[in-house]
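K.L.:
Just so it is clear, I am handing over run-v3.cif, which has mmCIF, C-alpha atoms and all ligand atoms.
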data_run
#
loop_
_atom_site.group_PDB
_atom_site.id
_atom_site.type_symbol
_atom_site.label_atom_id
_atom_site.label_comp_id
_atom_site.auth_asym_id
_atom_site.auth_seq_id
_atom_site.Cartn_x
_atom_site.Cartn_y
_atom_site.Cartn_z
ATOM 1 C CA MET A 1 57.332 -40.082 23.474
ATOM 2 C CA THR A 2 54.311 -39.868 21.171
ATOM 3 C CA GLY A 3 55.040 -43.022 19.157
ATOM 4 C CA ALA A 4 56.791 -40.943 16.488
ATOM 5 C CA ALA A 5 59.835 -42.494 14.770
ATOM 6 C CA THR A 6 63.026 -41.497 16.551
ATOM 7 C CA LEU A 7 66.739 -42.044 16.217
ATOM 8 C CA ARG A 8 68.706 -42.738 19.416
ATOM 9 C CA PHE A 9 72.011 -40.873 19.558
ATOM 10 C CA SER A 10 74.886 -40.094 21.924
ATOM 11 C CA LYS A 11 76.384 -36.617 22.019
ATOM 12 C CA MET A 12 80.121 -36.687 22.728
ATOM 13 C CA HIS A 13 83.230 -34.590 22.304
ATOM 14 C CA GLY A 14 86.975 -35.047 22.177
ATOM 15 C CA ALA A 15 88.960 -31.914 23.111
ATOM 16 C CA GLY A 16 85.924 -29.819 22.119
ATOM 17 C CA ASN A 17 85.516 -31.368 18.632
ATOM 18 C CA ASP A 18 81.860 -32.440 19.014
ATOM 19 C CA PHE A 19 80.016 -35.451 17.663
ATOM 20 C CA VAL A 20 76.730 -37.254 17.359
ATOM 21 C CA VAL A 21 77.313 -41.012 17.524
ATOM 22 C CA LEU A 22 74.735 -43.413 16.051
ATOM 23 C CA ASP A 23 74.667 -47.143 16.743
ATOM 24 C CA LEU A 24 73.822 -48.753 13.392
ATOM 25 C CA ARG A 25 74.981 -52.271 14.230
ATOM 26 C CA GLY A 26 72.663 -55.002 13.028
ATOM 27 C CA GLY A 27 72.352 -53.478 9.564
ATOM 28 C CA ARG A 28 70.448 -50.293 10.397
ATOM 29 C CA PRO A 29 70.585 -47.851 7.453
ATOM 30 C CA ALA A 30 73.197 -45.106 7.257
ATOM 31 C CA PRO A 31 71.966 -41.491 7.367
ATOM 32 C CA THR A 32 71.405 -39.662 4.113
ATOM 33 C CA PRO A 33 73.375 -36.418 3.693
ATOM 34 C CA ALA A 34 70.096 -34.538 4.331
ATOM 35 C CA LEU A 35 69.518 -36.343 7.647
ATOM 36 C CA ALA A 36 73.142 -35.715 8.647
ATOM 37 C CA ARG A 37 72.657 -31.985 7.966
ATOM 38 C CA ALA A 38 69.367 -31.932 9.920
ATOM 39 C CA LEU A 39 70.982 -33.615 12.951
ATOM 40 C CA GLY A 40 73.969 -31.284 12.648
ATOM 41 C CA ASP A 41 71.926 -28.079 12.655
ATOM 42 C CA ARG A 42 72.912 -26.291 15.880
ATOM 43 C CA HIS A 43 69.522 -24.518 16.118
ATOM 44 C CA ALA A 44 66.926 -26.959 14.727
ATOM 45 C CA GLY A 45 68.881 -30.200 15.310
ATOM 46 C CA VAL A 46 71.388 -31.561 17.818
ATOM 47 C CA GLY A 47 74.527 -29.943 16.421
ATOM 48 C CA PHE A 48 77.921 -31.480 15.762
ATOM 49 C CA ASP A 49 81.138 -31.017 13.847
ATOM 50 C CA GLN A 50 80.996 -34.677 12.739
ATOM 51 C CA LEU A 51 78.479 -37.512 12.828
ATOM 52 C CA LEU A 52 79.969 -40.965 13.437
ATOM 53 C CA THR A 53 78.166 -44.224 12.789
ATOM 54 C CA ILE A 54 79.105 -47.447 14.557
ATOM 55 C CA GLU A 55 78.504 -50.427 12.282
ATOM 56 C CA ASP A 56 79.211 -54.148 12.127
ATOM 57 C CA PRO A 57 82.830 -54.785 11.117
ATOM 58 C CA GLY A 58 83.740 -56.211 7.719
ATOM 59 C CA GLN A 59 87.315 -57.056 8.769
ATOM 60 C CA ALA A 60 88.182 -60.041 10.939
ATOM 61 C CA GLY A 61 89.556 -58.922 14.302
ATOM 62 C CA ALA A 62 87.877 -55.505 14.370
ATOM 63 C CA VAL A 63 85.332 -54.741 17.116
ATOM 64 C CA ALA A 64 83.297 -52.420 14.876
ATOM 65 C CA ARG A 65 83.643 -50.150 11.909
ATOM 66 C CA TYR A 66 82.933 -46.436 11.878
ATOM 67 C CA ARG A 67 82.047 -43.970 9.155
ATOM 68 C CA ILE A 68 82.085 -40.179 9.274
ATOM 69 C CA TRP A 69 79.917 -37.325 7.992
ATOM 70 C CA ASN A 70 80.746 -33.632 8.327
ATOM 71 C CA ALA A 71 78.158 -31.082 9.506
ATOM 72 C CA ASP A 72 77.446 -30.098 5.884
ATOM 73 C CA GLY A 73 76.447 -33.714 5.080
ATOM 74 C CA SER A 74 79.655 -34.584 3.191
ATOM 75 C CA ALA A 75 81.417 -37.879 3.910
ATOM 76 C CA ALA A 76 84.916 -37.880 5.445
ATOM 77 C CA GLN A 77 87.547 -40.609 5.510
ATOM 78 C CA GLN A 78 89.072 -40.051 8.936
ATOM 79 C CA CYS A 79 88.298 -38.315 12.226
ATOM 80 C CA GLY A 80 90.872 -38.758 14.970
ATOM 81 C CA ASN A 81 88.896 -37.190 17.833
ATOM 82 C CA GLY A 82 85.752 -38.994 16.710
ATOM 83 C CA ALA A 83 87.558 -42.340 16.579
ATOM 84 C CA ARG A 84 88.533 -41.922 20.247
ATOM 85 C CA CYS A 85 84.863 -41.256 21.055
ATOM 86 C CA VAL A 86 83.818 -44.386 19.132
ATOM 87 C CA ALA A 87 86.361 -46.357 21.192
ATOM 88 C CA ALA A 88 84.933 -44.923 24.444
ATOM 89 C CA TRP A 89 81.367 -45.628 23.292
ATOM 90 C CA LEU A 90 82.210 -49.281 22.480
ATOM 91 C CA GLN A 91 83.951 -49.765 25.824
ATOM 92 C CA ARG A 92 80.956 -48.352 27.725
ATOM 93 C CA ASP A 93 78.682 -50.613 25.647
ATOM 94 C CA GLY A 94 80.774 -53.669 26.577
ATOM 95 C CA ALA A 95 81.481 -54.483 22.919
ATOM 96 C CA ALA A 96 85.195 -53.734 23.281
ATOM 97 C CA ALA A 97 86.612 -55.953 25.977
ATOM 98 C CA GLY A 98 90.080 -55.250 27.372
ATOM 99 C CA ASP A 99 92.281 -52.224 26.959
ATOM 100 C CA ALA A 100 93.484 -52.913 23.414
ATOM 101 C CA PHE A 101 91.276 -53.470 20.386
ATOM 102 C CA VAL A 102 90.971 -52.674 16.701
ATOM 103 C CA LEU A 103 88.456 -50.462 14.892
ATOM 104 C CA GLU A 104 87.797 -50.514 11.176
ATOM 105 C CA ALA A 105 87.978 -47.005 9.693
ATOM 106 C CA PRO A 106 87.413 -45.951 6.059
ATOM 107 C CA PRO A 107 91.187 -45.866 5.321
ATOM 108 C CA GLY A 108 91.988 -49.096 7.231
ATOM 109 C CA PRO A 109 92.417 -50.539 10.726
ATOM 110 C CA VAL A 110 92.955 -48.286 13.759
ATOM 111 C CA THR A 111 94.555 -49.854 16.835
ATOM 112 C CA VAL A 112 93.174 -48.520 20.120
ATOM 113 C CA GLN A 113 94.783 -48.459 23.545
ATOM 114 C CA ALA A 114 92.582 -47.397 26.477
ATOM 115 C CA LEU A 115 94.670 -45.270 28.852
ATOM 116 C CA GLY A 116 92.101 -44.803 31.620
ATOM 117 C CA ALA A 117 90.106 -41.761 32.786
ATOM 118 C CA GLY A 118 88.468 -41.466 29.334
ATOM 119 C CA ARG A 119 91.773 -41.129 27.482
ATOM 120 C CA TYR A 120 92.633 -43.248 24.438
ATOM 121 C CA ALA A 121 95.702 -43.627 22.212
ATOM 122 C CA LEU A 122 95.017 -44.560 18.593
ATOM 123 C CA ALA A 123 97.424 -45.592 15.838
ATOM 124 C CA LEU A 124 95.918 -43.737 12.871
ATOM 125 C CA GLY A 125 98.189 -45.082 10.135
ATOM 126 C CA ARG A 126 101.177 -43.795 8.218
ATOM 127 C CA PRO A 127 100.939 -40.235 6.909
ATOM 128 C CA ARG A 128 101.258 -39.942 3.142
ATOM 129 C CA PHE A 129 102.788 -37.002 1.324
ATOM 130 C CA GLU A 130 102.313 -37.740 -2.377
ATOM 131 C CA PRO A 131 99.997 -35.118 -3.948
ATOM 132 C CA ALA A 132 97.824 -37.905 -5.416
ATOM 133 C CA ASP A 133 97.159 -39.218 -1.880
ATOM 134 C CA LEU A 134 95.049 -36.160 -0.926
ATOM 135 C CA PRO A 135 94.349 -35.495 -3.869
ATOM 136 C CA PHE A 136 96.315 -32.286 -4.611
ATOM 137 C CA LEU A 137 96.990 -31.344 -8.195
ATOM 138 C CA ALA A 138 100.745 -30.697 -8.428
ATOM 139 C CA ASP A 139 103.422 -31.823 -10.855
ATOM 140 C CA ALA A 140 105.697 -33.356 -8.221
ATOM 141 C CA ALA A 141 105.915 -33.967 -4.473
ATOM 142 C CA GLN A 142 107.659 -31.108 -2.618
ATOM 143 C CA ALA A 143 108.297 -30.253 1.044
ATOM 144 C CA SER A 144 106.241 -27.104 0.563
ATOM 145 C CA TYR A 145 103.913 -25.592 -1.996
ATOM 146 C CA ARG A 146 102.683 -22.077 -2.688
ATOM 147 C CA LEU A 147 99.277 -20.960 -3.941
ATOM 148 C CA ASP A 148 97.582 -17.609 -4.320
ATOM 149 C CA VAL A 149 94.698 -17.006 -1.905
ATOM 150 C CA ASP A 150 92.951 -13.625 -2.154
ATOM 151 C CA GLY A 151 95.980 -12.149 -3.894
ATOM 152 C CA GLU A 152 98.336 -13.444 -1.175
ATOM 153 C CA ALA A 153 100.992 -16.143 -1.770
ATOM 154 C CA VAL A 154 100.364 -18.820 0.871
ATOM 155 C CA GLY A 155 103.017 -21.462 1.624
ATOM 156 C CA PHE A 156 101.993 -24.859 3.025
ATOM 157 C CA GLY A 157 102.867 -28.541 3.333
ATOM 158 C CA ILE A 158 100.487 -31.418 2.653
ATOM 159 C CA ALA A 159 99.753 -34.746 4.318
ATOM 160 C CA SER A 160 97.043 -37.362 4.090
ATOM 161 C CA MET A 161 95.937 -39.184 7.242
ATOM 162 C CA GLY A 162 93.326 -40.942 5.114
ATOM 163 C CA ASN A 163 91.784 -37.464 4.791
ATOM 164 C CA PRO A 164 93.493 -34.445 3.211
ATOM 165 C CA HIS A 165 95.394 -31.771 5.155
ATOM 166 C CA ALA A 166 97.313 -28.615 4.264
ATOM 167 C CA VAL A 167 99.537 -27.222 7.026
ATOM 168 C CA LEU A 168 100.637 -23.580 7.208
ATOM 169 C CA GLU A 169 103.298 -22.550 9.696
ATOM 170 C CA VAL A 170 102.392 -19.195 11.274
ATOM 171 C CA PRO A 171 104.181 -16.960 13.804
ATOM 172 C CA ASP A 172 101.132 -16.756 16.109
ATOM 173 C CA VAL A 173 97.909 -18.803 15.869
ATOM 174 C CA ALA A 174 96.044 -16.107 17.807
ATOM 175 C CA THR A 175 96.403 -13.665 14.918
ATOM 176 C CA ALA A 176 96.394 -16.191 12.036
ATOM 177 C CA GLU A 177 93.705 -15.403 9.453
ATOM 178 C CA VAL A 178 92.031 -18.777 9.826
ATOM 179 C CA GLY A 179 88.589 -17.542 8.723
ATOM 180 C CA ARG A 180 89.950 -16.028 5.494
ATOM 181 C CA LEU A 181 92.864 -18.244 4.430
ATOM 182 C CA GLY A 182 91.191 -21.511 5.554
ATOM 183 C CA PRO A 183 88.178 -21.348 3.216
ATOM 184 C CA GLY A 184 90.285 -19.639 0.526
ATOM 185 C CA LEU A 185 92.826 -22.467 0.331
ATOM 186 C CA GLN A 186 90.120 -25.106 0.774
ATOM 187 C CA ALA A 187 88.301 -23.788 -2.298
ATOM 188 C CA ARG A 188 91.351 -23.837 -4.601
ATOM 189 C CA ALA A 189 90.782 -26.083 -7.623
ATOM 190 C CA GLU A 190 94.116 -27.827 -6.871
ATOM 191 C CA PHE A 191 92.233 -29.575 -4.020
ATOM 192 C CA PRO A 192 89.442 -31.220 -6.035
ATOM 193 C CA GLU A 193 88.011 -32.888 -2.894
ATOM 194 C CA GLY A 194 88.675 -29.914 -0.591
ATOM 195 C CA VAL A 195 91.190 -29.910 2.254
ATOM 196 C CA ASN A 196 91.397 -29.390 6.013
ATOM 197 C CA VAL A 197 93.643 -26.371 6.639
ATOM 198 C CA GLY A 198 95.825 -26.317 9.758
ATOM 199 C CA PHE A 199 97.599 -23.207 11.101
ATOM 200 C CA ALA A 200 100.552 -24.304 13.268
ATOM 201 C CA GLN A 201 102.777 -22.257 15.573
ATOM 202 C CA VAL A 202 105.933 -24.006 16.776
ATOM 203 C CA LEU A 203 106.554 -23.267 20.467
ATOM 204 C CA ALA A 204 109.317 -25.836 21.083
ATOM 205 C CA PRO A 205 110.500 -29.083 19.426
ATOM 206 C CA ASP A 206 107.906 -30.947 21.504
ATOM 207 C CA ARG A 207 105.057 -28.423 21.560
ATOM 208 C CA ILE A 208 102.971 -26.591 18.960
ATOM 209 C CA ARG A 209 99.736 -24.607 18.901
ATOM 210 C CA LEU A 210 97.255 -25.451 16.156
ATOM 211 C CA ARG A 211 93.977 -24.144 14.775
ATOM 212 C CA VAL A 212 92.194 -26.060 12.012
ATOM 213 C CA TYR A 213 89.650 -24.873 9.457
ATOM 214 C CA GLU A 214 87.984 -28.185 8.649
ATOM 215 C CA ARG A 215 86.415 -29.330 5.430
ATOM 216 C CA GLY A 216 82.637 -29.538 5.870
ATOM 217 C CA ALA A 217 82.601 -28.019 9.363
ATOM 218 C CA GLY A 218 84.586 -24.744 9.447
ATOM 219 C CA GLU A 219 86.958 -23.964 12.314
ATOM 220 C CA THR A 220 86.634 -26.564 15.089
ATOM 221 C CA LEU A 221 87.979 -26.572 18.639
ATOM 222 C CA ALA A 222 90.252 -29.521 17.779
ATOM 223 C CA CYS A 223 91.089 -31.789 14.845
ATOM 224 C CA GLY A 224 92.837 -35.079 15.656
ATOM 225 C CA SER A 225 93.866 -36.019 12.128
ATOM 226 C CA GLY A 226 94.912 -32.372 11.652
ATOM 227 C CA ALA A 227 97.182 -32.602 14.708
ATOM 228 C CA CYS A 228 98.799 -35.763 13.267
ATOM 229 C CA ALA A 229 99.225 -34.101 9.854
ATOM 230 C CA ALA A 230 100.734 -30.929 11.363
ATOM 231 C CA VAL A 231 103.304 -32.922 13.359
ATOM 232 C CA ALA A 232 104.139 -35.074 10.318
ATOM 233 C CA VAL A 233 104.683 -32.042 8.043
ATOM 234 C CA LEU A 234 106.715 -30.137 10.662
ATOM 235 C CA ALA A 235 108.773 -33.198 11.703
ATOM 236 C CA ARG A 236 109.800 -33.836 8.090
ATOM 237 C CA ARG A 237 111.062 -30.243 7.946
ATOM 238 C CA GLY A 238 112.994 -30.715 11.200
ATOM 239 C CA ARG A 239 110.836 -28.066 12.922
ATOM 240 C CA VAL A 240 109.637 -30.455 15.664
ATOM 241 C CA GLY A 241 110.675 -33.824 17.059
ATOM 242 C CA ARG A 242 108.776 -37.093 16.977
ATOM 243 C CA HIS A 243 106.799 -36.663 20.198
ATOM 244 C CA VAL A 244 104.806 -33.449 20.261
ATOM 245 C CA PHE A 245 102.085 -31.943 22.436
ATOM 246 C CA VAL A 246 99.583 -30.151 20.215
ATOM 247 C CA GLU A 247 97.635 -27.373 21.950
ATOM 248 C CA LEU A 248 94.302 -26.791 20.230
ATOM 249 C CA PRO A 249 91.607 -24.310 21.318
ATOM 250 C CA GLY A 250 89.619 -27.150 22.987
ATOM 251 C CA GLY A 251 92.415 -29.195 24.559
ATOM 252 C CA THR A 252 95.809 -30.817 24.097
ATOM 253 C CA LEU A 253 96.592 -33.944 22.053
ATOM 254 C CA GLU A 254 99.809 -35.930 22.317
ATOM 255 C CA ILE A 255 101.195 -37.032 18.953
ATOM 256 C CA THR A 256 103.965 -39.586 18.453
ATOM 257 C CA TRP A 257 105.501 -40.421 15.081
ATOM 258 C CA PRO A 258 108.516 -42.674 15.745
ATOM 259 C CA GLY A 259 109.815 -42.767 12.145
ATOM 260 C CA ASP A 260 108.797 -41.986 8.582
ATOM 261 C CA ASP A 261 107.486 -45.501 7.957
ATOM 262 C CA SER A 262 105.632 -45.750 11.299
ATOM 263 C CA PRO A 263 102.002 -45.012 12.005
ATOM 264 C CA VAL A 264 101.202 -41.794 13.862
ATOM 265 C CA THR A 265 99.752 -42.300 17.342
ATOM 266 C CA MET A 266 97.371 -39.722 18.822
ATOM 267 C CA ALA A 267 96.400 -39.692 22.506
ATOM 268 C CA GLY A 268 93.687 -37.510 23.983
ATOM 269 C CA PRO A 269 90.453 -37.219 25.964
ATOM 270 C CA THR A 270 86.841 -38.222 25.330
ATOM 271 C CA ALA A 271 83.612 -37.130 27.026
ATOM 272 C CA PHE A 272 79.981 -38.246 26.959
ATOM 273 C CA VAL A 273 77.656 -35.216 26.988
ATOM 274 C CA PHE A 274 74.101 -36.587 26.741
ATOM 275 C CA GLU A 275 71.907 -39.247 25.116
ATOM 276 C CA GLY A 276 68.796 -38.379 23.170
ATOM 277 C CA ASP A 277 66.100 -39.334 20.672
ATOM 278 C CA PHE A 278 65.945 -37.283 17.471
ATOM 279 C CA LEU A 279 62.425 -36.964 16.017
ATOM 280 C CA LEU A 280 62.721 -38.202 12.462
ATOM 281 C CA GLU A 281 59.404 -37.327 10.798
ATOM 282 C CA GLN A 282 59.459 -33.587 11.404
ATOM 283 C CA ASN A 283 63.138 -33.191 10.722
ATOM 284 C CA GLU A 284 64.075 -35.422 7.788
HETATM 285 N N1 LIG B 301 87.660 -33.470 13.271
HETATM 286 C C1 LIG B 301 88.271 -34.537 12.627
HETATM 287 C C2 LIG B 301 88.347 -34.542 11.126
HETATM 288 C C3 LIG B 301 86.954 -34.668 10.499
HETATM 289 C C4 LIG B 301 86.907 -34.839 9.001
HETATM 290 C C5 LIG B 301 87.368 -33.640 8.199
HETATM 291 N N2 LIG B 301 86.556 -32.476 8.397
HETATM 292 C C6 LIG B 301 87.413 -34.033 6.705
HETATM 293 O O1 LIG B 301 86.483 -33.699 5.963
HETATM 294 O O2 LIG B 301 88.391 -34.672 6.305
HETATM 295 C C7 LIG B 301 89.464 -35.145 13.341
HETATM 296 O O3 LIG B 301 89.476 -35.083 14.594
HETATM 297 O O4 LIG B 301 90.329 -35.732 12.720
#
If you took the structure in this file and wrote it as structure tokens, what would it be?
P.N.:
Amino acid sequence: MTGAATLRFSKMHGAGNDFVVLDLRGGRPAPTPALARALGDRHAGVGFDQLLTIEDPGQAGAVARYRIWNADGSAAQQCGNGARCVAAWLQRDGAAAGDAFVLEAPPGPVTVQALGAGRYALALGRPRFEPADLPFLADAAQASYRLDVDGEAVGFGIASMGNPHAVLEVPDVATAEVGRLGPGLQARAEFPEGVNVGFAQVLAPDRIRLRVYERGAGETLACGSGACAAVAVLARRGRVGRHVFVELPGGTLEITWPGDDSPVTMAGPTAFVFEGDFLLEQNE
């Protein structure tokens, strides 16, 4: 190194949803949206779908807290695949002793269970379906809603996993118009804070395929909170059971939602890709 200011990072992914993880414990400053965008640039930066920061916990009993930024620099409230990577990072660091520990996430505590071989199960909280929870501007809560996108009436359900999700059931994810309907629905004024749009194909009561057009990142190879939201919406309609394998383009997540008042548990893989030093002065 030349003595230039740098930022140490870990590059990780969970089922292909890729992350830069920054260790900000000890009170190091959080990235500005501009720095998040610079790091997230896939040509001039490192590239990621989400940036996760690991920070000192504010809650008693939590090992650490994490915060989330999308590739466009916007803040997010939850990231299921990223939370598994934070858990793996803290275990490798030695900060999380044992196989069960608690992380502090923007919406509240997340209980982690290490399953071995880089797999983690996380209790991500109870899904919420009230329009105000997303927020979604609607007169009353319904099992499904309909909005016009590009002159087409699109039907969907909604769920909040701390972050907002709309879930469309489609006959075949391979031919679903993710790149057109995803941004179209996301931009509707009824979602004043945007929305992650999931396209779900039911294969069996315990298996679905899912593609997600994420807020702030576009279509990703996997979305953990999106998988939880899709199962929650479909289970309430009786389309799937309470234990569902969710096949995403980058891998499979296992979602369990024992009952309407229970938290949703998501299990899936994590991987370390590389460690690096981002040059700050040139790129901020
Ligand atoms: N990939 C994530 C979700 C990341 C945040 C999302 N784009 C938002 O803005 O809410 C996941 O695995 O849950």
K.L.:
So that I can see what lies close to A:Val233, please list as a ChimeraX atom specification the residues with an atom at most 12 Å from it, counting only C-alpha atoms and leaving out residues fewer than 6 positions away in the same chain.
P.N.:
/A:127-129,142-145,156-161,165-169,198-200,202,226-227,239-242,257,260,264
K.L.:
Axis-aligned box over every listed atom of ligand LIG 301 (chain B), padded by 3 Å per side: centre and edges in Å to one decimal, as JSON?
P.N.:
{"center_x": 88.4, "center_y": -34.1, "center_z": 10.3, "size_x": 9.8, "size_y": 9.3, "size_z": 14.6}
K.L.:
Please report the interatomic distance between atom CA of A:Leu210 and atom CA of A:Ala123 in Å with one decimal.
P.N.:
20.1 Å
K.L.:
Do you have the atom CA of A:Asp139-atom CA of A:Ala229 distance handy?
P.N.:
21.3 Å
K.L.:
Could I get the residue neighbourhood of ligand LIG 301 (chain B) at 6 Å, counting only C-alpha atoms and all ligand atoms, as a list in words?
P.N.:
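If we count only C-alpha atoms and all ligand atoms, the neighbours of ligand LIG 301 (chain B) turn out to be Asn70, Ala76, Gln78, Cys79, Gly80, Asn81, Gly82, Asn163, Pro164, Glu214, Arg215, Gly216, Cys223, Gly224, Ser225 and Gly226 of chain A.
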K.L.:
Could you tell me how far atom CA of A:Asp133 sits from atom CA of A:Glu55, in Å to one decimal place?
P.N.:
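Answer for the atom CA of A:Glu55 to atom CA of A:Asp133 separation: 26.0 Å.
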K.L.:
Using all atoms listed in the file for the distances, tell me which of A:Pro269, A:Pro29, A:Gly182, A:Gly238 is nearest to A:Gly250.
P.N.:
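That would be A:Pro269, the residue with the smallest distance to A:Gly250.
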K.L.:
Please expand the PyMOL selection byres (((chain A and resi 97) around 12) and not hetatm) into the concrete residues it hits in this file, giving the result as a PDB file with C-alpha atoms, in the frame of the given file.
P.N.:
ATOM      1  CA  ALA A  62      87.877 -55.505  14.370  1.00  0.00           C
ATOM      2  CA  VAL A  63      85.332 -54.741  17.116  1.00  0.00           C
ATOM      3  CA  ALA A  87      86.361 -46.357  21.192  1.00  0.00           C
ATOM      4  CA  ALA A  88      84.933 -44.923  24.444  1.00  0.00           C
ATOM      5  CA  TRP A  89      81.367 -45.628  23.292  1.00  0.00           C
ATOM      6  CA  LEU A  90      82.210 -49.281  22.480  1.00  0.00           C
ATOM      7  CA  GLN A  91      83.951 -49.765  25.824  1.00  0.00           C
ATOM      8  CA  ARG A  92      80.956 -48.352  27.725  1.00  0.00           C
ATOM      9  CA  ASP A  93      78.682 -50.613  25.647  1.00  0.00           C
ATOM     10  CA  GLY A  94      80.774 -53.669  26.577  1.00  0.00           C
ATOM     11  CA  ALA A  95      81.481 -54.483  22.919  1.00  0.00           C
ATOM     12  CA  ALA A  96      85.195 -53.734  23.281  1.00  0.00           C
ATOM     13  CA  GLY A  98      90.080 -55.250  27.372  1.00  0.00           C
ATOM     14  CA  ASP A  99      92.281 -52.224  26.959  1.00  0.00           C
ATOM     15  CA  ALA A 100      93.484 -52.913  23.414  1.00  0.00           C
ATOM     16  CA  PHE A 101      91.276 -53.470  20.386  1.00  0.00           C
ATOM     17  CA  VAL A 102      90.971 -52.674  16.701  1.00  0.00           C
ATOM     18  CA  VAL A 112      93.174 -48.520  20.120  1.00  0.00           C
ATOM     19  CA  GLN A 113      94.783 -48.459  23.545  1.00  0.00           C
ATOM     20  CA  ALA A 114      92.582 -47.397  26.477  1.00  0.00           C
TER      21      ALA A 114
END
K.L.:
Starting from the displayed file, determine the output of the PyMOL selection byres (((chain A and resi 24-27) around 9) and not hetatm) and express the residue list as a ChimeraX atom specification.
P.N.:
/A:22-23,28-30,53-57,64
K.L.:
Taking N, CA and C atoms as the atom set, what does stretch 211-229 of chain A look like once completed, written as a PDB file, in the frame of the given file?
P.N.:
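Saved to selection-v9.pdb:
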ATOM      1  N   ARG A 211      95.406 -24.379  15.048  1.00  0.00           N
ATOM      2  CA  ARG A 211      93.977 -24.144  14.775  1.00  0.00           C
ATOM      3  C   ARG A 211      93.695 -24.767  13.414  1.00  0.00           C
ATOM      4  N   VAL A 212      92.505 -25.374  13.270  1.00  0.00           N
ATOM      5  CA  VAL A 212      92.194 -26.060  12.012  1.00  0.00           C
ATOM      6  C   VAL A 212      90.853 -25.579  11.458  1.00  0.00           C
ATOM      7  N   TYR A 213      90.882 -25.169  10.198  1.00  0.00           N
ATOM      8  CA  TYR A 213      89.650 -24.873   9.457  1.00  0.00           C
ATOM      9  C   TYR A 213      89.301 -26.142   8.689  1.00  0.00           C
ATOM     10  N   GLU A 214      88.285 -26.857   9.190  1.00  0.00           N
ATOM     11  CA  GLU A 214      87.984 -28.185   8.649  1.00  0.00           C
ATOM     12  C   GLU A 214      87.098 -28.127   7.410  1.00  0.00           C
ATOM     13  N   ARG A 215      87.303 -29.099   6.567  1.00  0.00           N
ATOM     14  CA  ARG A 215      86.415 -29.330   5.430  1.00  0.00           C
ATOM     15  C   ARG A 215      85.042 -29.737   5.977  1.00  0.00           C
ATOM     16  N   GLY A 216      83.992 -29.110   5.505  1.00  0.00           N
ATOM     17  CA  GLY A 216      82.637 -29.538   5.870  1.00  0.00           C
ATOM     18  C   GLY A 216      82.172 -29.119   7.245  1.00  0.00           C
ATOM     19  N   ALA A 217      83.001 -28.387   7.997  1.00  0.00           N
ATOM     20  CA  ALA A 217      82.601 -28.019   9.363  1.00  0.00           C
ATOM     21  C   ALA A 217      83.094 -26.635   9.786  1.00  0.00           C
ATOM     22  N   GLY A 218      84.019 -26.028   9.031  1.00  0.00           N
ATOM     23  CA  GLY A 218      84.586 -24.744   9.447  1.00  0.00           C
ATOM     24  C   GLY A 218      85.607 -24.924  10.559  1.00  0.00           C
ATOM     25  N   GLU A 219      85.946 -23.836  11.248  1.00  0.00           N
ATOM     26  CA  GLU A 219      86.958 -23.964  12.314  1.00  0.00           C
ATOM     27  C   GLU A 219      86.358 -24.744  13.485  1.00  0.00           C
ATOM     28  N   THR A 220      87.090 -25.755  13.956  1.00  0.00           N
ATOM     29  CA  THR A 220      86.634 -26.564  15.089  1.00  0.00           C
ATOM     30  C   THR A 220      87.566 -26.320  16.271  1.00  0.00           C
ATOM     31  N   LEU A 221      87.146 -26.778  17.446  1.00  0.00           N
ATOM     32  CA  LEU A 221      87.979 -26.572  18.639  1.00  0.00           C
ATOM     33  C   LEU A 221      89.166 -27.526  18.682  1.00  0.00           C
ATOM     34  N   ALA A 222      89.121 -28.586  17.855  1.00  0.00           N
ATOM     35  CA  ALA A 222      90.252 -29.521  17.779  1.00  0.00           C
ATOM     36  C   ALA A 222      90.055 -30.411  16.562  1.00  0.00           C
ATOM     37  N   CYS A 223      91.157 -30.839  15.974  1.00  0.00           N
ATOM     38  CA  CYS A 223      91.089 -31.789  14.845  1.00  0.00           C
ATOM     39  C   CYS A 223      92.211 -32.800  15.055  1.00  0.00           C
ATOM     40  N   GLY A 224      91.838 -34.052  15.333  1.00  0.00           N
ATOM     41  CA  GLY A 224      92.837 -35.079  15.656  1.00  0.00           C
ATOM     42  C   GLY A 224      93.703 -35.445  14.465  1.00  0.00           C
ATOM     43  N   SER A 225      93.064 -35.689  13.313  1.00  0.00           N
ATOM     44  CA  SER A 225      93.866 -36.019  12.128  1.00  0.00           C
ATOM     45  C   SER A 225      94.692 -34.808  11.721  1.00  0.00           C
ATOM     46  N   GLY A 226      94.161 -33.596  11.962  1.00  0.00           N
ATOM     47  CA  GLY A 226      94.912 -32.372  11.652  1.00  0.00           C
ATOM     48  C   GLY A 226      96.143 -32.241  12.533  1.00  0.00           C
ATOM     49  N   ALA A 227      96.026 -32.645  13.797  1.00  0.00           N
ATOM     50  CA  ALA A 227      97.182 -32.602  14.708  1.00  0.00           C
ATOM     51  C   ALA A 227      98.259 -33.574  14.224  1.00  0.00           C
ATOM     52  N   CYS A 228      97.836 -34.773  13.796  1.00  0.00           N
ATOM     53  CA  CYS A 228      98.799 -35.763  13.267  1.00  0.00           C
ATOM     54  C   CYS A 228      99.479 -35.211  12.011  1.00  0.00           C
ATOM     55  N   ALA A 229      98.673 -34.620  11.107  1.00  0.00           N
ATOM     56  CA  ALA A 229      99.225 -34.101   9.854  1.00  0.00           C
ATOM     57  C   ALA A 229     100.199 -32.960  10.115  1.00  0.00           C
TER      58      ALA A 229
END
